[in-house]
>>> print(open('run-v3.cif').read())   # mmCIF, C-alpha atoms and all ligand atoms
data_final
loop_
_atom_site.label_atom_id
_atom_site.label_comp_id
_atom_site.auth_asym_id
_atom_site.auth_seq_id
_atom_site.Cartn_x
_atom_site.Cartn_y
_atom_site.Cartn_z
CA MET A 1 -133.96 -41.72 94.32
CA LYS A 2 -133.04 -45.20 93.20
CA ALA A 3 -133.54 -46.09 89.54
CA VAL A 4 -132.56 -49.03 87.37
CA TYR A 5 -130.56 -48.11 84.28
CA LEU A 6 -130.12 -50.29 81.22
CA THR A 7 -126.43 -49.59 80.58
CA GLY A 8 -125.82 -51.97 77.67
CA LEU A 9 -127.17 -55.15 76.13
CA ARG A 10 -128.33 -57.34 79.02
CA GLU A 11 -126.64 -55.03 81.52
CA MET A 12 -128.53 -53.24 84.27
CA GLU A 13 -127.41 -51.16 87.24
CA VAL A 14 -129.21 -49.66 90.21
CA ARG A 15 -128.03 -46.04 90.40
CA GLN A 16 -129.00 -42.82 92.13
CA ALA A 17 -131.03 -40.54 89.88
CA PRO A 18 -132.31 -36.99 90.46
CA GLU A 19 -135.80 -36.87 91.95
CA PRO A 20 -138.33 -35.58 89.44
CA HIS A 21 -140.37 -32.42 90.08
CA LEU A 22 -143.60 -31.07 88.62
CA ASN A 23 -142.94 -28.98 85.53
CA SER A 24 -146.52 -28.05 84.77
CA PRO A 25 -149.71 -27.51 86.78
CA GLN A 26 -151.29 -30.42 84.89
CA GLU A 27 -148.80 -32.99 86.17
CA VAL A 28 -148.68 -35.27 89.19
CA LEU A 29 -145.77 -36.69 91.13
CA LEU A 30 -146.20 -40.42 91.67
CA ARG A 31 -144.61 -42.92 93.97
CA VAL A 32 -144.09 -45.97 91.75
CA ASP A 33 -145.53 -48.98 93.58
CA THR A 34 -145.38 -51.86 91.11
CA LEU A 35 -144.07 -52.33 87.60
CA GLY A 36 -144.59 -55.22 85.21
CA VAL A 37 -141.74 -56.38 82.98
CA CYS A 38 -143.01 -56.22 79.40
CA GLY A 39 -141.87 -58.10 76.31
CA SER A 40 -141.08 -54.77 74.67
CA ASP A 41 -138.76 -53.85 77.57
CA VAL A 42 -137.01 -57.14 76.92
CA HIS A 43 -136.59 -56.22 73.22
CA TYR A 44 -134.56 -53.19 74.34
CA TYR A 45 -132.74 -55.31 76.91
CA THR A 46 -131.63 -58.03 74.47
CA GLN A 47 -131.39 -56.15 71.17
CA GLY A 48 -131.02 -52.49 72.14
CA LYS A 49 -133.86 -51.58 69.80
CA ILE A 50 -137.44 -52.06 68.70
CA GLY A 51 -137.61 -51.62 64.95
CA PRO A 52 -136.06 -48.20 64.22
CA GLN A 53 -136.21 -47.12 67.89
CA THR A 54 -132.79 -47.56 69.48
CA ALA A 55 -131.95 -47.59 73.19
CA PRO A 56 -130.08 -44.44 74.29
CA PHE A 57 -127.82 -46.18 76.86
CA PRO A 58 -127.81 -45.59 79.75
CA PHE A 59 -131.55 -45.26 80.16
CA ILE A 60 -134.45 -46.25 82.36
CA LEU A 61 -136.94 -48.83 81.06
CA GLY A 62 -140.44 -49.68 82.25
CA HIS A 63 -143.96 -48.59 81.36
CA GLU A 64 -146.45 -50.96 83.04
CA LEU A 65 -146.88 -49.29 86.37
CA ALA A 66 -149.18 -48.62 89.23
CA GLY A 67 -148.46 -45.78 91.62
CA THR A 68 -149.76 -43.46 94.29
CA VAL A 69 -150.17 -39.71 93.84
CA LEU A 70 -147.84 -37.79 96.17
CA GLU A 71 -148.38 -34.30 94.78
CA ALA A 72 -150.85 -32.88 92.26
CA GLY A 73 -150.27 -29.75 90.16
CA ALA A 74 -152.48 -26.72 90.74
CA LYS A 75 -154.71 -27.39 87.73
CA VAL A 76 -155.24 -31.10 88.41
CA THR A 77 -158.86 -31.67 89.35
CA THR A 78 -159.18 -35.42 88.86
CA LEU A 79 -156.56 -36.67 91.34
CA ARG A 80 -155.50 -35.92 94.91
CA PRO A 81 -152.55 -37.03 97.03
CA GLY A 82 -152.98 -40.58 98.26
CA GLN A 83 -154.97 -41.67 95.18
CA ARG A 84 -153.79 -44.96 93.68
CA VAL A 85 -153.59 -44.94 89.89
CA ALA A 86 -152.89 -47.08 86.84
CA VAL A 87 -150.79 -45.25 84.28
CA ASP A 88 -151.12 -44.99 80.51
CA PRO A 89 -147.46 -44.72 79.48
CA LEU A 90 -148.23 -42.79 76.29
CA ILE A 91 -147.81 -39.02 76.46
CA PRO A 92 -149.51 -37.53 73.37
CA CYS A 93 -148.92 -33.99 72.09
CA GLY A 94 -152.65 -33.22 71.96
CA LYS A 95 -152.16 -30.96 68.94
CA CYS A 96 -151.43 -33.04 65.83
CA ASP A 97 -153.97 -34.39 63.33
CA GLN A 98 -153.84 -37.84 64.97
CA CYS A 99 -154.52 -36.52 68.47
CA LYS A 100 -157.32 -34.31 67.16
CA SER A 101 -158.98 -37.21 65.38
CA GLY A 102 -158.97 -39.40 68.49
CA ARG A 103 -155.87 -41.41 67.61
CA LYS A 104 -153.55 -40.46 70.48
CA HIS A 105 -151.74 -43.78 70.15
CA THR A 106 -150.43 -42.81 66.70
CA CYS A 107 -149.64 -39.23 67.76
CA ARG A 108 -146.89 -37.87 65.55
CA ASN A 109 -145.02 -36.32 68.48
CA GLN A 110 -145.70 -38.92 71.14
CA LYS A 111 -143.50 -39.82 74.04
CA PHE A 112 -143.69 -43.25 75.57
CA LEU A 113 -142.24 -44.19 78.94
CA GLY A 114 -139.07 -46.24 78.69
CA SER A 115 -138.41 -45.67 75.00
CA SER A 116 -135.90 -43.42 73.29
CA GLY A 117 -136.28 -39.85 74.51
CA GLN A 118 -138.44 -40.62 77.55
CA PRO A 119 -137.13 -42.25 80.73
CA GLY A 120 -139.23 -45.14 82.00
CA ALA A 121 -140.67 -45.94 85.38
CA LEU A 122 -138.10 -48.31 86.92
CA SER A 123 -137.50 -45.74 89.64
CA GLU A 124 -138.96 -44.76 92.99
CA PHE A 125 -140.75 -41.64 91.72
CA LEU A 126 -142.15 -40.44 88.42
CA VAL A 127 -143.83 -37.29 87.10
CA MET A 128 -146.68 -37.83 84.62
CA PRO A 129 -149.44 -35.70 83.09
CA ALA A 130 -152.54 -36.23 85.25
CA ALA A 131 -154.41 -37.11 82.05
CA CYS A 132 -152.31 -40.31 81.82
CA CYS A 133 -153.33 -41.48 85.29
CA SER A 134 -156.58 -43.36 85.97
CA PRO A 135 -157.77 -43.86 89.55
CA VAL A 136 -158.12 -47.49 90.57
CA PRO A 137 -160.55 -48.68 93.25
CA ASP A 138 -159.20 -50.01 96.55
CA SER A 139 -160.40 -53.47 95.53
CA LEU A 140 -157.61 -53.65 92.91
CA SER A 141 -154.31 -54.96 94.27
CA ASP A 142 -151.04 -53.27 93.24
CA ASP A 143 -150.33 -56.28 91.01
CA GLU A 144 -153.69 -55.95 89.27
CA ALA A 145 -153.19 -52.21 88.83
CA ALA A 146 -149.84 -52.88 87.11
CA VAL A 147 -151.51 -55.36 84.73
CA VAL A 148 -154.11 -52.77 83.65
CA GLU A 149 -151.79 -51.52 80.89
CA PRO A 150 -151.22 -54.87 79.11
CA LEU A 151 -154.88 -55.78 79.68
CA SER A 152 -155.91 -52.54 77.97
CA ILE A 153 -154.00 -53.74 74.89
CA GLY A 154 -155.99 -56.99 74.97
CA VAL A 155 -159.22 -55.00 75.30
CA TYR A 156 -158.28 -52.85 72.33
CA ALA A 157 -157.21 -55.81 70.16
CA ALA A 158 -160.49 -57.59 70.91
CA GLN A 159 -162.44 -54.43 70.01
CA MET A 160 -160.53 -54.04 66.75
CA ALA A 161 -161.51 -57.58 65.74
CA ARG A 162 -165.22 -56.62 65.86
CA LEU A 163 -166.10 -60.02 67.28
CA ALA A 164 -169.66 -61.30 67.23
CA PRO A 165 -170.86 -62.87 70.51
CA GLY A 166 -169.39 -66.35 70.91
CA ALA A 167 -166.87 -65.85 68.08
CA ARG A 168 -164.29 -68.59 67.51
CA VAL A 169 -160.83 -67.08 67.79
CA GLY A 170 -157.21 -68.18 67.73
CA ILE A 171 -154.47 -66.70 69.85
CA VAL A 172 -151.03 -67.55 68.52
CA GLY A 173 -148.53 -66.87 71.27
CA SER A 174 -149.67 -66.91 74.87
CA GLY A 175 -147.27 -64.56 76.59
CA PRO A 176 -148.77 -61.79 78.71
CA ILE A 177 -150.28 -59.91 75.75
CA GLY A 178 -151.78 -63.09 74.26
CA LEU A 179 -153.23 -63.99 77.65
CA CYS A 180 -154.62 -60.47 78.16
CA THR A 181 -156.22 -60.68 74.72
CA LEU A 182 -157.70 -64.06 75.66
CA LEU A 183 -159.17 -62.65 78.89
CA ALA A 184 -160.60 -59.56 77.17
CA ALA A 185 -162.08 -61.46 74.19
CA GLN A 186 -163.78 -63.92 76.54
CA ALA A 187 -165.08 -61.33 79.00
CA GLN A 188 -166.31 -58.83 76.41
CA TYR A 189 -167.52 -61.06 73.59
CA GLY A 190 -167.85 -64.55 75.06
CA ALA A 191 -165.19 -65.68 72.57
CA LYS A 192 -164.15 -69.34 72.44
CA ALA A 193 -160.37 -69.36 72.12
CA TYR A 194 -157.81 -71.79 70.71
CA VAL A 195 -154.38 -70.87 72.06
CA THR A 196 -150.89 -71.92 70.96
CA ASP A 197 -147.41 -71.31 72.32
CA LEU A 198 -143.96 -72.87 72.17
CA VAL A 199 -143.74 -72.91 75.98
CA ASP A 200 -145.91 -75.45 77.80
CA HIS A 201 -146.25 -73.55 81.08
CA ARG A 202 -147.80 -70.63 79.21
CA LEU A 203 -150.39 -73.00 77.76
CA ALA A 204 -151.23 -74.16 81.27
CA VAL A 205 -151.85 -70.52 82.21
CA ALA A 206 -153.99 -70.08 79.07
CA ARG A 207 -156.14 -73.03 80.19
CA ALA A 208 -156.38 -71.52 83.69
CA CYS A 209 -157.55 -68.31 81.98
CA GLY A 210 -160.30 -70.15 80.08
CA ALA A 211 -158.88 -71.27 76.70
CA ILE A 212 -161.01 -74.13 75.32
CA TRP A 213 -158.02 -75.74 73.54
CA THR A 214 -154.25 -75.32 73.68
CA GLY A 215 -151.42 -76.74 71.61
CA ASN A 216 -147.66 -76.48 71.25
CA PRO A 217 -146.33 -76.36 67.64
CA ARG A 218 -143.14 -78.11 68.83
CA GLU A 219 -145.21 -81.15 69.79
CA GLU A 220 -148.09 -81.26 67.33
CA HIS A 221 -149.44 -79.81 64.10
CA VAL A 222 -151.49 -77.09 65.75
CA VAL A 223 -153.20 -75.90 62.57
CA ALA A 224 -154.46 -79.42 61.80
CA GLY A 225 -155.49 -79.87 65.43
CA ILE A 226 -157.64 -76.73 65.40
CA GLN A 227 -159.02 -77.36 61.91
CA LYS A 228 -160.25 -80.76 63.03
CA LEU A 229 -162.44 -79.01 65.62
CA GLU A 230 -163.27 -75.95 63.52
CA PRO A 231 -163.41 -77.21 59.91
CA LEU A 232 -164.86 -73.93 58.60
CA GLY A 233 -162.05 -71.88 60.12
CA LEU A 234 -161.84 -69.20 62.80
CA ASP A 235 -163.44 -65.76 62.80
CA ALA A 236 -160.32 -63.98 63.99
CA VAL A 237 -156.75 -64.80 64.94
CA PHE A 238 -154.63 -62.65 67.23
CA GLU A 239 -150.98 -63.03 66.39
CA CYS A 240 -149.22 -62.28 69.67
CA ALA A 241 -145.78 -63.75 69.04
CA GLY A 242 -144.25 -61.46 66.43
CA GLU A 243 -143.00 -64.39 64.34
CA GLN A 244 -143.37 -65.28 60.66
CA ASP A 245 -144.41 -68.85 61.56
CA ALA A 246 -147.11 -67.56 63.89
CA ILE A 247 -148.47 -65.22 61.21
CA ASP A 248 -148.50 -68.09 58.67
CA GLN A 249 -150.40 -70.29 61.11
CA GLY A 250 -152.86 -67.49 61.83
CA ILE A 251 -153.59 -67.03 58.13
CA GLU A 252 -154.18 -70.76 57.64
CA LEU A 253 -156.58 -70.90 60.56
CA LEU A 254 -158.95 -68.18 59.32
CA LYS A 255 -162.24 -68.67 57.54
CA PRO A 256 -162.77 -66.64 54.34
CA GLY A 257 -163.42 -63.04 55.35
CA GLY A 258 -161.72 -63.63 58.71
CA THR A 259 -159.42 -61.17 60.43
CA LEU A 260 -155.77 -61.51 61.36
CA LEU A 261 -154.66 -59.02 63.99
CA ILE A 262 -150.93 -58.50 64.32
CA VAL A 263 -150.47 -57.68 67.99
CA GLY A 264 -146.96 -59.10 68.53
CA ILE A 265 -143.84 -57.06 67.79
CA PRO A 266 -141.70 -58.84 65.17
CA GLU A 267 -137.93 -58.63 65.66
CA VAL A 268 -137.41 -58.73 61.89
CA ASP A 269 -138.04 -55.74 59.61
CA ARG A 270 -140.17 -57.60 57.06
CA ILE A 271 -142.86 -60.27 57.17
CA SER A 272 -144.29 -61.98 54.08
CA PHE A 273 -147.76 -63.19 53.13
CA ASN A 274 -149.06 -65.64 50.55
CA ILE A 275 -150.79 -62.86 48.64
CA SER A 276 -152.85 -65.15 46.42
CA TYR A 277 -154.25 -67.01 49.42
CA ILE A 278 -155.11 -63.91 51.46
CA ARG A 279 -156.65 -62.22 48.40
CA ARG A 280 -158.79 -65.16 47.35
CA ASN A 281 -160.08 -65.55 50.91
CA GLU A 282 -160.41 -61.80 51.37
CA LEU A 283 -158.71 -61.92 54.73
CA ARG A 284 -158.52 -58.70 56.69
CA ILE A 285 -155.13 -57.96 58.19
CA LEU A 286 -155.04 -55.38 60.96
CA ASN A 287 -152.13 -53.97 62.90
CA VAL A 288 -152.53 -53.19 66.56
CA ARG A 289 -150.32 -50.53 68.06
CA ARG A 290 -150.71 -50.71 71.83
CA GLN A 291 -154.18 -49.37 72.63
CA ASN A 292 -156.43 -46.34 72.45
CA GLU A 293 -158.73 -45.25 75.30
CA CYS A 294 -159.07 -48.76 76.76
CA VAL A 295 -157.54 -48.22 80.21
CA GLU A 296 -160.88 -47.49 81.92
CA SER A 297 -162.43 -50.63 80.41
CA ALA A 298 -159.49 -52.69 81.64
CA ILE A 299 -159.90 -51.33 85.18
CA GLU A 300 -163.63 -52.05 85.04
CA LEU A 301 -163.12 -55.62 83.79
CA ILE A 302 -160.84 -56.40 86.74
CA SER A 303 -162.78 -54.54 89.44
CA SER A 304 -166.08 -56.11 88.37
CA GLY A 305 -164.52 -59.57 88.61
CA ARG A 306 -165.19 -60.33 84.93
CA VAL A 307 -161.46 -60.73 84.37
CA ASP A 308 -159.04 -62.43 86.77
CA VAL A 309 -155.45 -61.53 85.91
CA GLY A 310 -154.22 -63.58 88.88
CA PRO A 311 -152.91 -66.54 86.84
CA LEU A 312 -150.64 -64.20 84.81
CA VAL A 313 -148.63 -62.81 87.70
CA THR A 314 -146.10 -65.50 88.47
CA HIS A 315 -143.09 -63.72 90.02
CA HIS A 316 -142.16 -60.74 92.19
CA PHE A 317 -138.80 -59.02 92.61
CA PRO A 318 -137.55 -56.02 94.58
CA LEU A 319 -136.11 -53.12 92.58
CA GLU A 320 -132.55 -54.25 93.36
CA GLU A 321 -133.20 -57.57 91.60
CA THR A 322 -134.64 -56.13 88.39
CA ALA A 323 -131.76 -57.61 86.35
CA ARG A 324 -132.71 -61.09 87.59
CA ALA A 325 -136.32 -60.47 86.59
CA PHE A 326 -135.28 -59.43 83.08
CA GLU A 327 -133.04 -62.49 82.66
CA MET A 328 -135.89 -64.73 83.75
CA VAL A 329 -138.37 -63.12 81.35
CA ARG A 330 -135.81 -63.19 78.52
CA SER A 331 -135.09 -66.90 78.99
CA ARG A 332 -138.74 -67.69 79.84
CA SER A 333 -137.41 -69.82 82.70
CA ASP A 334 -138.98 -70.90 85.98
CA GLY A 335 -142.52 -70.82 84.54
CA VAL A 336 -142.48 -67.02 84.33
CA VAL A 337 -145.33 -65.20 82.62
CA LYS A 338 -145.59 -61.73 84.16
CA ALA A 339 -142.83 -60.66 86.52
CA ILE A 340 -143.66 -57.71 88.74
CA ILE A 341 -141.08 -55.43 90.32
CA ARG A 342 -142.24 -54.24 93.76
CA ILE A 343 -140.69 -50.81 94.03
CA SER A 344 -142.28 -49.09 97.01
ZN ZN B 401 -145.93 -53.31 77.89
ZN ZN B 402 -150.32 -35.68 68.74
#
>>> encode(input="run-v3.cif", output="structure tokens", more="lines below")
Ligand SMILES: [Zn+2]
Ligand SMILES: [Zn+2]
Amino acid sequence: MKAVYLTGLREMEVRQAPEPHLNSPQEVLLRVDTLGVCGSDVHYYTQGKIGPQTAPFPFILGHELAGTVLEAGAKVTTLRPGQRVAVDPLIPCGKCDQCKSGRKHTCRNQKFLGSSGQPGALSEFLVMPAACCSPVPDSLSDDEAAVVEPLSIGVYAAQMARLAPGARVGIVGSGPIGLCTLLAAQAQYGAKAYVTDLVDHRLAVARACGAIWTGNPREEHVVAGIQKLEPLGLDAVFECAGEQDAIDQGIELLKPGGTLLIVGIPEVDRISFNISYIRRNELRILNVRRQNECVESAIELISSGRVDVGPLVTHHFPLEETARAFEMVRSRSDGVVKAIIRIS
């Protein structure tokens, strides 16, 4: 089968790879239909690492996929050949204390598609545990099914914030994860969202997705702009940029007792806080690691029409042009938000 290998920093090659086969009766063989390029893939592409996780060149990236079941293992009862699925790229061990306490996403022995030790999905076929595959209704397009994974992160982040109905929230960084958080917070909690980003076209997409206010810190003092409209401060801020500046702005925007959620992945090893300020205002600071059990909710939000992910999907590429897609996402050029690779 064809697969795209990351062979070095900003170097990709389409190569032949062995076709995968079922290794256990609980697995399914999938045809990979669509795959979204994620910011975390681009971390590996540009830096060769995410925090302590280093890229084992050459390796296959990709974890936001939709596929079709071609073959189901003997003990798979939930899926049959021909079923279209959205995939949760996390493979938990099922045995550790974290798995047993319902925290699969912090499993101590987890594998994650397209990270060190586990090939990703930028290939024609993929074998996954059936438990990682959720059926999607025919009404979902292949693009929408590929966006289920990032949307599930938005759903989880919004849940973690424990928003009251109509909460006032900030979203600092409106890349795909910021936008998915915006969509989920609005659909599930009727949140009113103030959204910032350094790239104007992303702010236009945020407005198309329902943001009540957007601002670019390169062009205006966004904290002052939001404070003018919300003098008491915001209930929660989702930091979706992974930058010290964005975290500082998020802290400043919160009301006393408000919650900062760190959803973005910082490229640096350490981030600092004004400890006196966050203590005196008793701000809650929460870290979000991907998501936990939110895939079904994400599918439901799209299929019910409560969330439209259409404005996010801006570009399509065939498998052979994956390198071009990654360069575009890296440079944030051509108005790109979510680039989708159409594989089959
Ligand atoms: Zn992702
Ligand atoms: Zn585990």
>>> residues_near_ligand(input="run-v3.cif", ligand="ligand ZN 401 (chain B)", cutoff="12 Å", atoms="all atoms listed in the file", output="JSON, numbers by chain")
{"A": [35, 36, 37, 38, 39, 40, 41, 42, 43, 44, 61, 62, 63, 64, 65, 87, 88, 89, 90, 112, 113, 114, 115, 120, 121, 146, 147, 148, 149, 150, 151, 152, 153, 154, 175, 176, 177, 178, 180, 263, 264, 265, 289, 290, 291, 338, 339, 340]}
>>> closest_atom_pairs(input="run-v3.cif", of="chain A", to="ligand ZN 402 (chain B)", cutoff="9 Å", atoms="all atoms listed in the file", output="tab-separated table")
residue	atom	partner	partner_atom	distance
A:Ile91	CA	B:ZN402	ZN	8.8
A:Pro92	CA	B:ZN402	ZN	5.1
A:Cys93	CA	B:ZN402	ZN	4.0
A:Gly94	CA	B:ZN402	ZN	4.7
A:Lys95	CA	B:ZN402	ZN	5.1
A:Cys96	CA	B:ZN402	ZN	4.1
A:Asp97	CA	B:ZN402	ZN	6.7
A:Gln98	CA	B:ZN402	ZN	5.6
A:Cys99	CA	B:ZN402	ZN	4.3
A:Lys100	CA	B:ZN402	ZN	7.3
A:Arg103	CA	B:ZN402	ZN	8.1
A:Lys104	CA	B:ZN402	ZN	6.0
A:His105	CA	B:ZN402	ZN	8.3
A:Thr106	CA	B:ZN402	ZN	7.4
A:Cys107	CA	B:ZN402	ZN	3.7
A:Arg108	CA	B:ZN402	ZN	5.2
A:Asn109	CA	B:ZN402	ZN	5.3
A:Gln110	CA	B:ZN402	ZN	6.1
>>> closest_residue(input="run-v3.cif", among="A:Asn216, A:Glu321, A:Ile299, A:Gly51", to="Arg270 in chain A", atoms="only C-alpha atoms")
A:Gly51
>>> residues_around(input="run-v3.cif", residues="Ala86 in chain A", least_positions_apart="3", cutoff="6 Å", atoms="only C-alpha atoms", output="list in words")
Ala66, Cys133, Ser134 and Ala145 of chain A
>>> atom_distance(input="run-v3.cif", atom1="CA of Pro311 in chain A", atom2="CA of Ile251 in chain A")
28.7 Å
>>> residues_around(input="run-v3.cif", residues="Val199 in chain A", least_positions_apart="4", cutoff="10 Å", atoms="only C-alpha atoms", output="MDAnalysis selection string")
chainID A and resid 173:175 203:204 215:218 332:333 335
>>> residues_around(input="run-v3.cif", residues="Asn23 in chain A", least_positions_apart="6", cutoff="10 Å", atoms="only C-alpha atoms", output="number ranges by chain")
A: 29, 73, 127-129
>>> closest_residue(input="run-v3.cif", among="A:Gly102, A:Gly67, A:Gly310, A:Gly190", to="Ser123 in chain A", atoms="all atoms listed in the file")
A:Gly67
>>> closest_residue(input="run-v3.cif", among="A:Glu124, A:Glu320, A:Glu144, A:Glu220", to="Glu19 in chain A", atoms="only C-alpha atoms")
A:Glu124
>>> residues_around(input="run-v3.cif", residues="range 137-143 of chain A", least_positions_apart="6", cutoff="8 Å", atoms="only C-alpha atoms", output="VMD selection string")
chain A and resid 33 to 34 66 84 302 to 303 313 340
>>> closest_residue(input="run-v3.cif", among="A:Val28, A:Leu9, A:Leu254, A:Val195", to="Thr181 in chain A", atoms="all atoms listed in the file")
A:Val195
>>> atom_distance(input="run-v3.cif", atom1="CA of Leu312 in chain A", atom2="CA of Asn287 in chain A")
24.2 Å
>>> atom_distance(input="run-v3.cif", atom1="CA of Val337 in chain A", atom2="CA of Ala3 in chain A")
23.5 Å
>>> closest_residue(input="run-v3.cif", among="A:Phe326, A:Phe238, A:Tyr5, A:Tyr45", to="Thr259 in chain A", atoms="all atoms listed in the file")
A:Phe238
>>> closest_residue(input="run-v3.cif", among="A:Ala161, A:Cys132, A:Val288, A:Val223", to="Gly250 in chain A", atoms="all atoms listed in the file")
A:Val223
>>> build_atoms(input="run-v3.cif", residues="range 319-333 of chain A", atoms="N, CA and C atoms", output="compact mmCIF listing (two decimals), in the coordinates of the input")
# COMPACT_ATOMS: atom_id res chain seq x y z
N LEU A 319 -136.78 -53.95 93.59
CA LEU A 319 -136.11 -53.12 92.58
C LEU A 319 -134.66 -53.54 92.35
N GLU A 320 -133.98 -53.90 93.45
CA GLU A 320 -132.55 -54.25 93.36
C GLU A 320 -132.34 -55.50 92.50
N GLU A 321 -133.38 -56.33 92.36
CA GLU A 321 -133.20 -57.57 91.60
C GLU A 321 -133.86 -57.51 90.23
N THR A 322 -134.01 -56.29 89.71
CA THR A 322 -134.64 -56.13 88.39
C THR A 322 -133.89 -56.91 87.30
N ALA A 323 -132.55 -56.90 87.38
CA ALA A 323 -131.76 -57.61 86.35
C ALA A 323 -132.12 -59.10 86.33
N ARG A 324 -132.34 -59.67 87.52
CA ARG A 324 -132.71 -61.09 87.59
C ARG A 324 -134.08 -61.32 86.96
N ALA A 325 -134.99 -60.37 87.19
CA ALA A 325 -136.32 -60.47 86.59
C ALA A 325 -136.22 -60.44 85.06
N PHE A 326 -135.42 -59.53 84.54
CA PHE A 326 -135.28 -59.43 83.08
C PHE A 326 -134.66 -60.69 82.49
N GLU A 327 -133.64 -61.25 83.16
CA GLU A 327 -133.04 -62.49 82.66
C GLU A 327 -134.06 -63.62 82.65
N MET A 328 -134.88 -63.67 83.69
CA MET A 328 -135.89 -64.73 83.75
C MET A 328 -136.92 -64.57 82.63
N VAL A 329 -137.37 -63.34 82.41
CA VAL A 329 -138.37 -63.12 81.35
C VAL A 329 -137.74 -63.40 79.98
N ARG A 330 -136.49 -62.97 79.80
CA ARG A 330 -135.81 -63.19 78.52
C ARG A 330 -135.71 -64.68 78.21
N SER A 331 -135.31 -65.46 79.22
CA SER A 331 -135.09 -66.90 78.99
C SER A 331 -136.36 -67.71 79.19
N ARG A 332 -137.46 -67.02 79.59
CA ARG A 332 -138.74 -67.69 79.84
C ARG A 332 -138.57 -68.87 80.78
N SER A 333 -137.69 -68.72 81.78
CA SER A 333 -137.41 -69.82 82.70
C SER A 333 -138.31 -69.75 83.93
